[in-house]
file start-v6.cif (mmCIF, C-alpha atoms and all ligand atoms)
data_target
#
loop_
_atom_site.label_atom_id
_atom_site.label_comp_id
_atom_site.auth_asym_id
_atom_site.auth_seq_id
_atom_site.Cartn_x
_atom_site.Cartn_y
_atom_site.Cartn_z
CA MET B 1 -149.72 22.91 -157.31
CA ILE B 2 -149.37 26.51 -156.16
CA PRO B 3 -150.55 29.10 -158.71
CA GLU B 4 -147.61 31.41 -159.58
CA ILE B 5 -149.49 34.54 -158.52
CA GLU B 6 -149.82 33.18 -154.98
CA LYS B 7 -146.04 33.09 -154.62
CA ALA B 8 -145.59 36.61 -156.07
CA SER B 9 -144.74 39.68 -153.97
CA GLN B 10 -147.50 41.71 -152.31
CA ALA B 11 -146.92 44.49 -154.86
CA GLU B 12 -147.25 42.09 -157.80
CA ILE B 13 -150.41 40.60 -156.31
CA LYS B 14 -151.89 44.08 -155.92
CA GLN B 15 -151.08 45.00 -159.51
CA PHE B 16 -152.54 41.72 -160.76
CA GLN B 17 -155.75 42.26 -158.79
CA GLU B 18 -156.12 45.82 -160.06
CA GLN B 19 -155.98 44.60 -163.63
CA LYS B 20 -158.75 42.10 -162.82
CA LEU B 21 -160.70 44.76 -160.95
CA ARG B 22 -160.79 47.12 -163.95
CA LYS B 23 -162.12 44.30 -166.09
CA LEU B 24 -164.77 43.43 -163.50
CA VAL B 25 -165.99 46.99 -163.07
CA ALA B 26 -166.39 47.41 -166.83
CA TYR B 27 -168.23 44.07 -166.95
CA VAL B 28 -170.76 44.76 -164.17
CA TYR B 29 -171.35 48.29 -165.50
CA ALA B 30 -172.19 46.83 -168.92
CA ASN B 31 -174.19 43.81 -167.73
CA SER B 32 -175.63 44.18 -164.24
CA PRO B 33 -178.71 46.45 -164.01
CA TYR B 34 -177.98 46.87 -160.29
CA TYR B 35 -174.41 48.11 -160.67
CA LYS B 36 -175.20 50.16 -163.75
CA ARG B 37 -177.81 52.04 -161.71
CA LEU B 38 -175.46 52.38 -158.75
CA PHE B 39 -172.72 53.96 -160.88
CA ALA B 40 -175.19 56.20 -162.73
CA ASN B 41 -176.76 57.47 -159.50
CA LEU B 42 -173.35 58.48 -158.19
CA ASN B 43 -172.10 59.88 -161.48
CA LEU B 44 -169.26 57.44 -161.16
CA SER B 45 -167.59 56.26 -164.34
CA PRO B 46 -166.21 52.70 -164.44
CA GLU B 47 -162.91 54.13 -165.75
CA SER B 48 -162.45 56.06 -162.52
CA ILE B 49 -161.90 52.77 -160.66
CA GLN B 50 -158.27 51.84 -161.33
CA THR B 51 -156.70 50.75 -158.05
CA LEU B 52 -157.72 48.76 -154.99
CA GLU B 53 -157.89 52.05 -153.08
CA ASP B 54 -160.38 53.37 -155.67
CA LEU B 55 -162.74 50.57 -154.65
CA GLN B 56 -163.64 52.63 -151.60
CA ARG B 57 -165.46 55.06 -153.87
CA ILE B 58 -168.01 52.36 -154.66
CA PRO B 59 -170.68 51.84 -151.99
CA VAL B 60 -170.78 48.40 -150.38
CA THR B 61 -173.36 45.82 -151.43
CA THR B 62 -175.28 44.37 -148.48
CA LYS B 63 -177.18 41.10 -148.13
CA ASP B 64 -180.37 43.18 -148.10
CA ASP B 65 -179.41 44.74 -151.48
CA LEU B 66 -178.74 41.30 -152.91
CA GLN B 67 -182.10 40.09 -151.69
CA LYS B 68 -184.16 43.12 -152.69
CA TYR B 69 -182.71 43.46 -156.19
CA ASN B 70 -181.74 39.83 -156.66
CA GLU B 71 -182.46 39.61 -160.40
CA ASP B 72 -180.71 42.90 -161.16
CA PHE B 73 -177.39 41.34 -160.16
CA LEU B 74 -177.61 38.77 -162.92
CA CYS B 75 -175.26 39.64 -165.79
CA VAL B 76 -176.33 37.01 -168.32
CA PRO B 77 -179.61 35.95 -169.95
CA LYS B 78 -181.41 33.13 -168.14
CA GLN B 79 -180.56 30.62 -170.89
CA LYS B 80 -176.89 30.82 -169.86
CA ILE B 81 -177.57 29.68 -166.30
CA ILE B 82 -176.65 26.04 -165.73
CA ASP B 83 -176.89 25.66 -161.98
CA TYR B 84 -179.31 27.40 -159.62
CA VAL B 85 -178.20 27.76 -156.04
CA THR B 86 -179.94 29.46 -153.15
CA THR B 87 -178.62 30.87 -149.94
CA SER B 88 -180.58 32.10 -146.93
CA GLY B 89 -181.50 35.76 -147.28
CA THR B 90 -181.84 38.35 -144.56
CA LEU B 91 -185.46 39.28 -145.30
CA GLY B 92 -187.12 35.89 -145.48
CA GLU B 93 -187.00 34.69 -149.06
CA PRO B 94 -183.84 32.85 -150.14
CA VAL B 95 -181.39 34.62 -152.46
CA VAL B 96 -180.86 32.99 -155.84
CA ILE B 97 -177.37 32.71 -157.32
CA GLY B 98 -177.14 31.55 -160.93
CA LEU B 99 -173.96 29.90 -162.19
CA THR B 100 -172.98 29.67 -165.85
CA ASP B 101 -170.85 26.98 -167.42
CA ALA B 102 -167.78 29.20 -166.97
CA ASP B 103 -168.74 29.81 -163.32
CA LEU B 104 -168.80 26.06 -162.70
CA ASP B 105 -165.29 25.85 -164.20
CA ARG B 106 -164.19 28.67 -161.93
CA LEU B 107 -165.74 26.89 -158.94
CA ALA B 108 -163.88 23.70 -159.86
CA TYR B 109 -160.58 25.61 -160.14
CA ASN B 110 -161.24 27.32 -156.80
CA GLU B 111 -161.87 24.05 -155.01
CA ALA B 112 -158.99 22.23 -156.70
CA ILE B 113 -156.42 24.81 -155.57
CA SER B 114 -158.04 24.99 -152.15
CA PHE B 115 -157.84 21.21 -151.74
CA ALA B 116 -154.23 21.32 -152.93
CA CYS B 117 -153.58 24.01 -150.30
CA SER B 118 -154.77 21.51 -147.67
CA GLY B 119 -152.45 18.82 -149.00
CA VAL B 120 -154.87 16.87 -151.22
CA THR B 121 -153.27 15.36 -154.34
CA LYS B 122 -154.54 13.26 -157.23
CA ASP B 123 -153.54 10.17 -155.27
CA ASP B 124 -156.02 10.95 -152.51
CA THR B 125 -159.60 9.78 -152.11
CA ILE B 126 -162.04 12.12 -150.41
CA GLN B 127 -165.17 11.07 -148.57
CA LEU B 128 -167.79 13.80 -148.94
CA MET B 129 -169.96 14.03 -145.83
CA THR B 130 -172.10 16.93 -146.94
CA THR B 131 -175.09 17.10 -149.21
CA MET B 132 -174.83 17.72 -152.97
CA ASP B 133 -178.46 18.62 -153.55
CA ARG B 134 -180.96 20.96 -151.81
CA ARG B 135 -179.82 23.85 -154.06
CA PHE B 136 -176.58 23.84 -152.08
CA MET B 137 -173.31 25.05 -153.64
CA ALA B 138 -170.65 23.54 -151.39
CA GLY B 139 -171.18 19.83 -152.12
CA MET B 140 -171.12 20.49 -155.85
CA ALA B 141 -167.96 22.60 -155.49
CA TYR B 142 -166.18 19.79 -153.63
CA PHE B 143 -167.13 17.26 -156.27
CA LEU B 144 -165.99 19.48 -159.14
CA GLY B 145 -162.76 20.38 -157.34
CA ALA B 146 -161.86 16.76 -156.62
CA ARG B 147 -162.54 15.85 -160.24
CA LYS B 148 -160.38 18.70 -161.52
CA LEU B 149 -157.57 17.74 -159.18
CA GLY B 150 -157.88 14.11 -160.22
CA ALA B 151 -158.64 12.94 -156.69
CA GLY B 152 -161.22 10.25 -156.00
CA ILE B 153 -164.46 11.18 -154.28
CA ILE B 154 -167.11 9.18 -152.44
CA ARG B 155 -170.40 11.05 -152.15
CA VAL B 156 -171.88 9.67 -148.96
CA GLY B 157 -173.72 12.85 -147.93
CA SER B 158 -174.34 14.03 -144.38
CA GLY B 159 -175.14 12.00 -141.28
CA VAL B 160 -175.55 8.20 -140.91
CA PRO B 161 -172.34 7.15 -139.09
CA GLU B 162 -172.93 3.50 -140.06
CA LEU B 163 -172.85 4.27 -143.79
CA GLN B 164 -169.86 6.58 -143.33
CA TRP B 165 -167.89 3.81 -141.64
CA ASP B 166 -168.98 1.26 -144.20
CA SER B 167 -167.62 3.58 -146.89
CA ILE B 168 -164.40 4.32 -145.04
CA LEU B 169 -163.64 0.64 -144.56
CA LYS B 170 -164.67 -0.28 -148.11
CA PHE B 171 -163.11 2.52 -150.19
CA GLN B 172 -160.21 3.58 -147.94
CA PRO B 173 -160.53 7.37 -148.25
CA THR B 174 -157.60 9.48 -147.06
CA TYR B 175 -159.52 12.74 -146.53
CA LEU B 176 -162.97 13.46 -145.08
CA ILE B 177 -164.98 16.62 -145.74
CA THR B 178 -167.25 17.19 -142.79
CA VAL B 179 -168.65 19.43 -140.12
CA PRO B 180 -166.03 18.83 -137.38
CA SER B 181 -168.58 18.05 -134.63
CA PHE B 182 -169.73 15.10 -136.76
CA LEU B 183 -166.28 13.57 -136.31
CA LEU B 184 -167.22 13.11 -132.64
CA LYS B 185 -170.23 11.05 -133.74
CA LEU B 186 -167.98 8.94 -135.96
CA ILE B 187 -165.63 8.37 -133.04
CA THR B 188 -168.51 7.30 -130.77
CA TYR B 189 -169.79 4.90 -133.42
CA ALA B 190 -166.33 3.44 -133.99
CA GLU B 191 -165.82 2.92 -130.26
CA ALA B 192 -169.14 1.09 -129.98
CA HIS B 193 -168.35 -1.16 -132.96
CA ASN B 194 -164.74 -2.07 -132.29
CA ILE B 195 -163.32 -0.06 -135.16
CA ASP B 196 -159.74 1.00 -134.44
CA ILE B 197 -159.96 4.55 -135.79
CA ASN B 198 -156.25 5.18 -135.69
CA LYS B 199 -155.61 2.20 -137.96
CA THR B 200 -157.90 3.31 -140.81
CA SER B 201 -156.95 4.92 -144.12
CA VAL B 202 -158.11 8.38 -142.98
CA LYS B 203 -155.25 10.85 -142.53
CA ALA B 204 -157.04 14.20 -142.53
CA ALA B 205 -160.38 16.01 -142.41
CA ILE B 206 -161.33 19.24 -144.13
CA CYS B 207 -163.61 20.93 -141.64
CA ILE B 208 -166.52 23.09 -142.74
CA GLY B 209 -169.02 25.29 -140.94
CA GLU B 210 -167.50 25.38 -137.46
CA PRO B 211 -164.20 26.86 -136.27
CA ILE B 212 -161.55 24.38 -135.18
CA ARG B 213 -159.01 26.88 -133.91
CA ASN B 214 -158.73 29.82 -131.55
CA GLN B 215 -157.60 33.21 -132.83
CA ASP B 216 -153.97 32.31 -132.01
CA PHE B 217 -154.38 29.14 -134.17
CA THR B 218 -154.17 26.73 -131.25
CA LEU B 219 -156.80 23.97 -131.31
CA ASN B 220 -160.13 24.95 -129.77
CA ALA B 221 -162.11 22.72 -127.39
CA LEU B 222 -163.89 20.89 -130.22
CA SER B 223 -160.81 19.97 -132.21
CA GLU B 224 -158.84 19.11 -129.08
CA LYS B 225 -161.56 16.63 -128.20
CA ILE B 226 -161.38 15.13 -131.70
CA LYS B 227 -157.58 14.98 -131.79
CA SER B 228 -157.36 13.37 -128.33
CA LYS B 229 -159.14 10.33 -129.78
CA TRP B 230 -158.41 10.42 -133.49
CA ASP B 231 -154.92 11.37 -134.59
CA ILE B 232 -155.72 12.95 -137.97
CA LYS B 233 -154.86 16.34 -139.41
CA LEU B 234 -157.65 18.90 -139.26
CA TYR B 235 -157.79 21.58 -141.95
CA SER B 236 -160.24 24.44 -141.70
CA THR B 237 -162.00 25.78 -144.78
CA TYR B 238 -164.09 28.91 -144.93
CA ALA B 239 -166.38 29.72 -147.86
CA SER B 240 -169.81 31.08 -148.72
CA THR B 241 -172.21 30.82 -151.62
CA GLU B 242 -172.06 34.52 -152.49
CA MET B 243 -168.23 34.43 -152.62
CA SER B 244 -168.04 31.18 -154.63
CA THR B 245 -164.53 31.05 -153.23
CA ALA B 246 -162.87 29.09 -150.42
CA PHE B 247 -160.13 29.99 -147.96
CA ASN B 248 -158.35 26.78 -146.91
CA GLU B 249 -155.64 26.22 -144.37
CA CYS B 250 -152.30 24.92 -145.59
CA GLU B 251 -149.93 22.57 -143.71
CA ALA B 252 -148.94 25.47 -141.43
CA HIS B 253 -152.53 25.68 -140.07
CA ARG B 254 -152.30 29.43 -139.63
CA GLY B 255 -155.46 30.72 -141.31
CA GLY B 256 -157.24 30.23 -144.63
CA HIS B 257 -155.24 31.32 -147.67
CA HIS B 258 -156.61 34.01 -149.97
CA HIS B 259 -156.59 33.25 -153.71
CA PRO B 260 -155.94 36.61 -155.41
CA GLU B 261 -157.03 35.41 -158.84
CA LEU B 262 -160.54 34.71 -157.49
CA ILE B 263 -161.48 37.41 -155.02
CA ILE B 264 -160.52 40.79 -153.57
CA THR B 265 -160.83 40.98 -149.79
CA GLU B 266 -161.36 43.99 -147.56
CA ILE B 267 -161.85 43.96 -143.82
CA LEU B 268 -164.06 46.88 -142.87
CA ASN B 269 -165.27 48.67 -139.74
CA ASP B 270 -168.80 49.97 -139.11
CA GLU B 271 -168.09 53.03 -141.29
CA ASN B 272 -167.06 50.76 -144.17
CA LYS B 273 -163.43 51.86 -143.84
CA PRO B 274 -160.57 49.31 -143.70
CA VAL B 275 -159.58 48.33 -140.17
CA VAL B 276 -155.94 48.45 -139.09
CA THR B 277 -154.28 45.19 -140.20
CA GLY B 278 -154.69 42.58 -137.52
CA GLU B 279 -157.93 44.01 -136.13
CA VAL B 280 -161.29 42.25 -136.36
CA GLY B 281 -163.66 43.61 -139.00
CA GLU B 282 -166.32 42.52 -141.46
CA LEU B 283 -165.05 40.55 -144.43
CA THR B 284 -166.09 42.34 -147.61
CA VAL B 285 -165.41 40.72 -150.97
CA THR B 286 -165.28 41.57 -154.65
CA THR B 287 -165.51 38.42 -156.73
CA LEU B 288 -163.25 38.03 -159.76
CA GLY B 289 -163.89 36.00 -162.90
CA ILE B 290 -167.57 35.35 -162.24
CA GLU B 291 -169.89 35.60 -165.25
CA GLY B 292 -173.38 35.03 -163.82
CA MET B 293 -173.60 37.03 -160.61
CA PRO B 294 -170.40 38.88 -159.75
CA LEU B 295 -170.45 41.00 -156.60
CA VAL B 296 -168.60 44.22 -155.85
CA ARG B 297 -167.77 45.03 -152.22
CA PHE B 298 -170.22 42.51 -150.84
CA LYS B 299 -170.41 42.55 -147.04
CA THR B 300 -170.38 38.93 -145.93
CA GLY B 301 -171.55 39.53 -142.35
CA ASP B 302 -168.59 37.52 -141.04
CA MET B 303 -166.19 39.09 -138.56
CA VAL B 304 -162.60 38.06 -139.19
CA LYS B 305 -158.98 39.07 -138.69
CA ALA B 306 -156.38 39.04 -141.48
CA ASN B 307 -152.87 37.66 -141.05
CA THR B 308 -150.29 39.10 -143.40
CA GLU B 309 -146.96 37.80 -142.14
CA PRO B 310 -145.26 35.33 -144.56
CA CYS B 311 -146.38 31.70 -144.44
CA SER B 312 -144.03 28.72 -144.40
CA CYS B 313 -145.85 27.15 -147.39
CA GLU B 314 -144.39 29.55 -150.01
CA ARG B 315 -147.73 31.25 -150.60
CA ASN B 316 -147.50 34.97 -150.11
CA THR B 317 -151.21 35.64 -149.76
CA LEU B 318 -153.10 36.90 -146.76
CA ARG B 319 -154.74 34.39 -144.45
CA LEU B 320 -158.08 34.76 -142.72
CA GLY B 321 -158.20 33.72 -139.09
CA PRO B 322 -161.10 31.64 -137.72
CA VAL B 323 -164.42 33.48 -138.05
CA VAL B 324 -164.91 35.39 -134.80
CA GLY B 325 -168.67 35.46 -135.35
CA ARG B 326 -171.53 36.79 -137.44
CA LYS B 327 -171.79 40.56 -137.28
CA LYS B 328 -175.54 40.34 -136.59
CA GLN B 329 -174.94 37.98 -133.71
CA MET B 330 -172.61 40.38 -131.96
CA ILE B 331 -173.73 40.64 -128.35
CA LYS B 332 -173.01 43.61 -126.13
CA TYR B 333 -173.12 42.00 -122.74
CA LYS B 334 -172.18 43.76 -119.53
CA GLY B 335 -169.67 45.96 -121.32
CA THR B 336 -168.06 43.12 -123.29
CA THR B 337 -168.42 42.37 -127.00
CA LEU B 338 -169.17 38.69 -127.44
CA TYR B 339 -169.84 36.37 -130.35
CA PRO B 340 -171.61 33.00 -130.03
CA PRO B 341 -168.65 30.85 -131.26
CA ALA B 342 -166.61 31.87 -128.21
CA MET B 343 -169.46 30.65 -126.01
CA LEU B 344 -169.66 27.39 -127.95
CA ASN B 345 -165.98 26.90 -127.35
CA VAL B 346 -166.49 27.17 -123.58
CA LEU B 347 -169.46 24.78 -123.53
CA GLN B 348 -167.70 22.18 -125.64
CA GLN B 349 -165.16 21.72 -122.86
CA PHE B 350 -167.81 20.04 -120.72
CA GLU B 351 -168.12 16.33 -121.41
CA THR B 352 -171.23 16.07 -119.24
CA VAL B 353 -173.13 18.64 -121.29
CA GLU B 354 -175.19 16.59 -123.75
CA THR B 355 -176.67 19.37 -125.83
CA PHE B 356 -177.45 23.06 -125.55
CA VAL B 357 -178.84 26.16 -127.23
CA ILE B 358 -177.88 29.77 -126.73
CA GLU B 359 -180.81 32.18 -126.63
CA ILE B 360 -180.17 35.88 -127.03
CA PHE B 361 -182.93 38.33 -126.22
CA THR B 362 -183.57 41.94 -125.29
CA ASN B 363 -184.24 42.43 -121.56
CA ASP B 364 -186.49 45.01 -119.88
CA LEU B 365 -183.67 47.57 -119.95
CA GLY B 366 -183.38 47.21 -123.72
CA THR B 367 -179.94 45.58 -123.57
CA ASP B 368 -178.78 42.13 -124.68
CA GLU B 369 -179.29 39.14 -122.42
CA ILE B 370 -177.94 35.61 -122.85
CA LEU B 371 -179.72 32.47 -121.67
CA LEU B 372 -178.01 29.11 -122.05
CA LYS B 373 -180.33 26.11 -122.07
CA ILE B 374 -178.39 22.98 -121.26
CA ALA B 375 -179.17 19.29 -121.08
CA ALA B 376 -176.87 17.22 -118.89
CA GLU B 377 -176.88 13.63 -117.68
CA ASN B 378 -176.64 14.68 -114.06
CA PRO B 379 -177.81 18.26 -113.71
CA SER B 380 -176.38 19.77 -110.55
CA GLU B 381 -175.70 23.10 -108.89
CA LYS B 382 -171.99 22.27 -109.10
CA LEU B 383 -172.10 21.88 -112.89
CA ILE B 384 -173.77 25.28 -113.20
CA GLN B 385 -171.07 26.78 -111.01
CA ASP B 386 -168.29 25.08 -113.04
CA ILE B 387 -169.68 26.37 -116.32
CA LYS B 388 -170.09 29.87 -114.91
CA ASP B 389 -166.51 29.83 -113.62
CA HIS B 390 -165.28 28.81 -117.05
CA PHE B 391 -167.22 31.59 -118.72
CA ARG B 392 -165.80 34.11 -116.28
CA ALA B 393 -162.26 32.89 -116.90
CA LYS B 394 -162.46 32.74 -120.70
CA LEU B 395 -164.90 35.51 -121.59
CA ARG B 396 -165.01 37.67 -118.45
CA VAL B 397 -168.83 37.43 -118.23
CA THR B 398 -171.33 34.84 -117.06
CA PRO B 399 -174.65 34.30 -118.83
CA GLN B 400 -177.84 32.95 -117.28
CA LEU B 401 -178.03 29.17 -117.24
CA VAL B 402 -180.92 26.72 -116.97
CA PHE B 403 -181.29 22.96 -117.38
CA GLU B 404 -183.75 21.57 -119.92
CA GLU B 405 -184.64 18.12 -121.18
CA ALA B 406 -182.52 17.02 -124.16
CA GLU B 407 -185.65 16.52 -126.29
CA VAL B 408 -186.78 20.11 -125.69
CA ILE B 409 -183.40 21.41 -126.84
CA GLU B 410 -183.37 19.19 -129.92
CA ILE B 411 -186.70 20.71 -130.99
CA LEU B 412 -185.31 24.23 -130.46
CA ARG B 413 -182.26 23.36 -132.55
CA LYS B 414 -184.07 22.05 -135.62
CA SER B 415 -183.70 24.73 -138.27
CA LYS B 416 -186.12 25.52 -141.06
CA THR B 417 -183.96 24.60 -144.04
CA GLY B 418 -182.81 21.23 -142.75
CA ARG B 419 -179.25 22.04 -143.79
CA LYS B 420 -177.82 22.77 -140.41
CA MET B 421 -178.74 22.71 -136.76
CA GLN B 422 -179.44 25.98 -135.07
CA ILE B 423 -177.38 26.54 -131.95
CA ILE B 424 -178.06 30.25 -131.55
CA ILE B 425 -181.61 31.52 -131.22
CA ASP B 426 -181.63 35.27 -131.60
CA ARG B 427 -184.83 36.76 -130.21
CA ARG B 428 -183.55 40.31 -129.95
CA LYS B 429 -186.03 43.02 -130.93
CA LYS B 430 -183.97 44.77 -133.61
CA SER B 431 -182.57 41.77 -135.42
CA PHE B 432 -184.74 39.63 -137.61
CA ASN B 433 -181.81 37.82 -139.11
CA LYS B 434 -183.16 34.30 -139.06
ZN ZN B 501 -149.52 28.65 -145.96
#
call {"tool": "encode", "arguments": {"input": "start-v6.cif", "output": "C-alpha cells", "more": "lines below"}}
Ligand SMILES: [Zn+2]
result
Amino acid sequence: MIPEIEKASQAEIKQFQEQKLRKLVAYVYANSPYYKRLFANLNLSPESIQTLEDLQRIPVTTKDDLQKYNEDFLCVPKQKIIDYVTTSGTLGEPVVIGLTDADLDRLAYNEAISFACSGVTKDDTIQLMTTMDRRFMAGMAYFLGARKLGAGIIRVGSGVPELQWDSILKFQPTYLITVPSFLLKLITYAEAHNIDINKTSVKAAICIGEPIRNQDFTLNALSEKIKSKWDIKLYSTYASTEMSTAFNECEAHRGGHHHPELIITEILNDENKPVVTGEVGELTVTTLGIEGMPLVRFKTGDMVKANTEPCSCERNTLRLGPVVGRKKQMIKYKGTTLYPPAMLNVLQQFETVETFVIEIFTNDLGTDEILLKIAAENPSEKLIQDIKDHFRAKLRVTPQLVFEEAEVIEILRKSKTGRKMQIIIDRRKKSFNK
C-alpha cells in the first residue's frame, strides 16, 4: 500500500506539493484570522505564492505565535470541531488544536500509510501501549490508523507490564506501539516470570518518543540493549500534534519517510533559510489538507537531518534522520554543540546506572553547564571515571557528575503533565521552555 505520489519522481512530487500549497494559502488567507493579518501586514497576496521556493516569502510561525494567537489559527466555527487536543506550549498554558471530522479522516489516512510503511498489514494485530485520553492526539491517531488499515488493535495503554504481558499472551499481537525504553521493562518482567520472549507472537515494535538509532542509522545503546535480549524489529516513528503527520521508518530502517500529500518540510538554519541538504537544521512544516488548524511554515523546534538518496522500498520521498535534539535544549559546552539525546545514548550504555537526570544551568561565567545526577547500585570513583571516559570518547566533553539516591532522581523526573518522564531539567537563565 504505497500511495502513487510517493513513488513519483522528485520533480513530480514538487509539482504536486505546489498545487496543494496554492490551495492551502488561499484557504488560510480566507479562513484564518492569524494568516489573513500576516499577509495583509506584509502586503503579500496569496496568489504570489506559487512554488515551494515562494514559501520563503512567508514568515515562519513559531510555537510562541501559536500560543499567543491560538484561536486566530482556527479556520472553522467551533461547531465543526469534533476532537480537542492540547499540546504543551512554550509560555505556560497548553496550546489547543481542534480537529474536524475531515481532520480525523486525514489523521486516520496518515497513520494507516505510516503503519503500512513500517510493514503493518490488515493481518496484523497491534498492541497500543500509549494513552488514548488526556487530550492526547497520538493514541487516537494509532487507533484510527489501525482501523483504516483493517489491522486489529488492543488498547492497553501505558505502563503495567503485567497487563501488557497478559494481553500479549491472550491476544497474540504481532506489533507493539511503545516508548522503546518500556520494552526493557517488559523484558525484565518476562525474565522474572519465565516468559520466553523470543517465542511470543510479537515480531516488531513501533517506537515513539525516543530515538532508537544513531545518525548513521546503526542501533543506538538503547535499541542494542533491547535487541540483544528480544529479537524483534524496531521501527522508529516521529510525529507531533501540531504536524498531525507521522514519519515512519520502512523495512530499510534509514529514516522516517515523508508523505508529500500531507505535509511540506523545510529544514532551516537560524536565519530561517534552508540548510545545505544533509546538514542539521530545524524542521519546519506546512501542513496540507487540514481543515481546522492548518499551519504554514511552523517551526517544530526539532533539529533533524534530511536524507534524499533513493530508498530500497520504492518510495522516492525524503527521510528524516533521528531527531538530534530540541533546538531549545541545544547546549554550548566547552566549544562543542551538544544535545541531550546524545548524552542519554552514552548513559544508557551503563548497566549499573539505575536512573539519572541531566541538569543544565547557567554558571557564574554566564555559559552553559551540565550536571548529571546518577543513581547506581554500587556508586564508586571508578564508575564516575568510566562514564567520563565514555563521554570524552563519544562527545569530546565531560560533564560534572554526582551520585544521588534513586528516590531523589525519581522525584526530579516526574513531569507536570503525567504524560512523560522528564530526563532533562533545563535551569538556564534565558530559556523558560518547560
Ligand atoms: Zn524506504
call {"tool": "atom_distance", "arguments": {"input": "start-v6.cif", "atom1": "atom CA of B:Leu91", "atom2": "atom CA of B:Asp302"}}
result
17.5 Å
call {"tool": "closest_residue", "arguments": {"input": "start-v6.cif", "among": "B:Glu271, B:Glu111, B:Glu6, B:Glu407", "to": "B:Asn248", "atoms": "all atoms listed in the file"}}
result
B:Glu111
call {"tool": "closest_residue", "arguments": {"input": "start-v6.cif", "among": "B:Arg427, B:Lys203, B:Lys23, B:His257", "to": "ligand ZN 501 (chain B)", "atoms": "only C-alpha atoms and all ligand atoms"}}
result
B:His257
call {"tool": "residues_around", "arguments": {"input": "start-v6.cif", "residues": "stretch 309-311 of chain B", "least_positions_apart": "5", "cutoff": "9 Å", "atoms": "only C-alpha atoms", "output": "list in words"}}
result
Ala252, Arg254, Asn316, Thr317, Leu318 and Arg319 of chain B
call {"tool": "closest_residue", "arguments": {"input": "start-v6.cif", "among": "B:Leu320, B:Ile197, B:Met140, B:Cys207", "to": "ligand ZN 501 (chain B)", "atoms": "all atoms listed in the file"}}
result
B:Leu320
call {"tool": "residues_near_point", "arguments": {"input": "start-v6.cif", "point": "(-155.7, 15.0, -135.3)", "cutoff": "12 Å", "atoms": "all atoms listed in the file", "output": "compact mmCIF listing (two decimals) with C-alpha atoms, in the frame of the given file"}}
result
# COMPACT_ATOMS: atom_id res chain seq x y z
CA PRO B 180 -166.03 18.83 -137.38
CA LEU B 183 -166.28 13.57 -136.31
CA LEU B 184 -167.22 13.11 -132.64
CA ILE B 197 -159.96 4.55 -135.79
CA ASN B 198 -156.25 5.18 -135.69
CA VAL B 202 -158.11 8.38 -142.98
CA LYS B 203 -155.25 10.85 -142.53
CA ALA B 204 -157.04 14.20 -142.53
CA ALA B 205 -160.38 16.01 -142.41
CA ILE B 206 -161.33 19.24 -144.13
CA CYS B 207 -163.61 20.93 -141.64
CA ILE B 212 -161.55 24.38 -135.18
CA LEU B 219 -156.80 23.97 -131.31
CA LEU B 222 -163.89 20.89 -130.22
CA SER B 223 -160.81 19.97 -132.21
CA GLU B 224 -158.84 19.11 -129.08
CA LYS B 225 -161.56 16.63 -128.20
CA ILE B 226 -161.38 15.13 -131.70
CA LYS B 227 -157.58 14.98 -131.79
CA SER B 228 -157.36 13.37 -128.33
CA LYS B 229 -159.14 10.33 -129.78
CA TRP B 230 -158.41 10.42 -133.49
CA ASP B 231 -154.92 11.37 -134.59
CA ILE B 232 -155.72 12.95 -137.97
CA LYS B 233 -154.86 16.34 -139.41
CA LEU B 234 -157.65 18.90 -139.26
CA TYR B 235 -157.79 21.58 -141.95
call {"tool": "residues_around", "arguments": {"input": "start-v6.cif", "residues": "B:Phe16", "least_positions_apart": "4", "cutoff": "12 Å", "atoms": "all atoms listed in the file", "output": "JSON, numbers by chain"}}
result
{"B": [4, 5, 6, 8, 9, 10, 11, 12, 20, 21, 22, 23, 50, 51, 52, 259, 260, 261, 262, 263, 264, 288]}
call {"tool": "write_last_selection", "arguments": {"input": "start-v6.cif", "atoms": "C-alpha atoms", "output": "tab-separated table (two decimals), keeping the file's coordinate frame"}}
result
chain	number	residue	atom	x	y	z
B	4	GLU	CA	-147.61	31.41	-159.58
B	5	ILE	CA	-149.49	34.54	-158.52
B	6	GLU	CA	-149.82	33.18	-154.98
B	8	ALA	CA	-145.59	36.61	-156.07
B	9	SER	CA	-144.74	39.68	-153.97
B	10	GLN	CA	-147.50	41.71	-152.31
B	11	ALA	CA	-146.92	44.49	-154.86
B	12	GLU	CA	-147.25	42.09	-157.80
B	20	LYS	CA	-158.75	42.10	-162.82
B	21	LEU	CA	-160.70	44.76	-160.95
B	22	ARG	CA	-160.79	47.12	-163.95
B	23	LYS	CA	-162.12	44.30	-166.09
B	50	GLN	CA	-158.27	51.84	-161.33
B	51	THR	CA	-156.70	50.75	-158.05
B	52	LEU	CA	-157.72	48.76	-154.99
B	259	HIS	CA	-156.59	33.25	-153.71
B	260	PRO	CA	-155.94	36.61	-155.41
B	261	GLU	CA	-157.03	35.41	-158.84
B	262	LEU	CA	-160.54	34.71	-157.49
B	263	ILE	CA	-161.48	37.41	-155.02
B	264	ILE	CA	-160.52	40.79	-153.57
B	288	LEU	CA	-163.25	38.03	-159.76
call {"tool": "residues_around", "arguments": {"input": "start-v6.cif", "residues": "stretch 331-343 of chain B", "least_positions_apart": "5", "cutoff": "12 Å", "atoms": "only C-alpha atoms", "output": "PyMOL selection string"}}
result
chain B and resi 209-215+220-222+280+302-304+322-326+348-350+356-363+366-372+387-388+390-400+422-428+431
call {"tool": "closest_residue", "arguments": {"input": "start-v6.cif", "among": "B:Gln56, B:Met129, B:Glu242, B:Phe182", "to": "B:Asn70", "atoms": "all atoms listed in the file"}}
result
B:Glu242
call {"tool": "residues_around", "arguments": {"input": "start-v6.cif", "residues": "stretch 42-48 of chain B", "least_positions_apart": "5", "cutoff": "12 Å", "atoms": "all atoms listed in the file", "output": "list in words"}}
result
Gln19, Leu21, Arg22, Lys23, Leu24, Val25, Ala26, Tyr27, Val28, Tyr29, Ala30, Tyr35, Lys36, Arg37, Glu53, Asp54, Leu55, Gln56, Arg57, Ile58 and Pro59 of chain B
call {"tool": "atom_distance", "arguments": {"input": "start-v6.cif", "atom1": "atom CA of B:Glu354", "atom2": "atom CA of B:Thr130"}}
result
23.4 Å
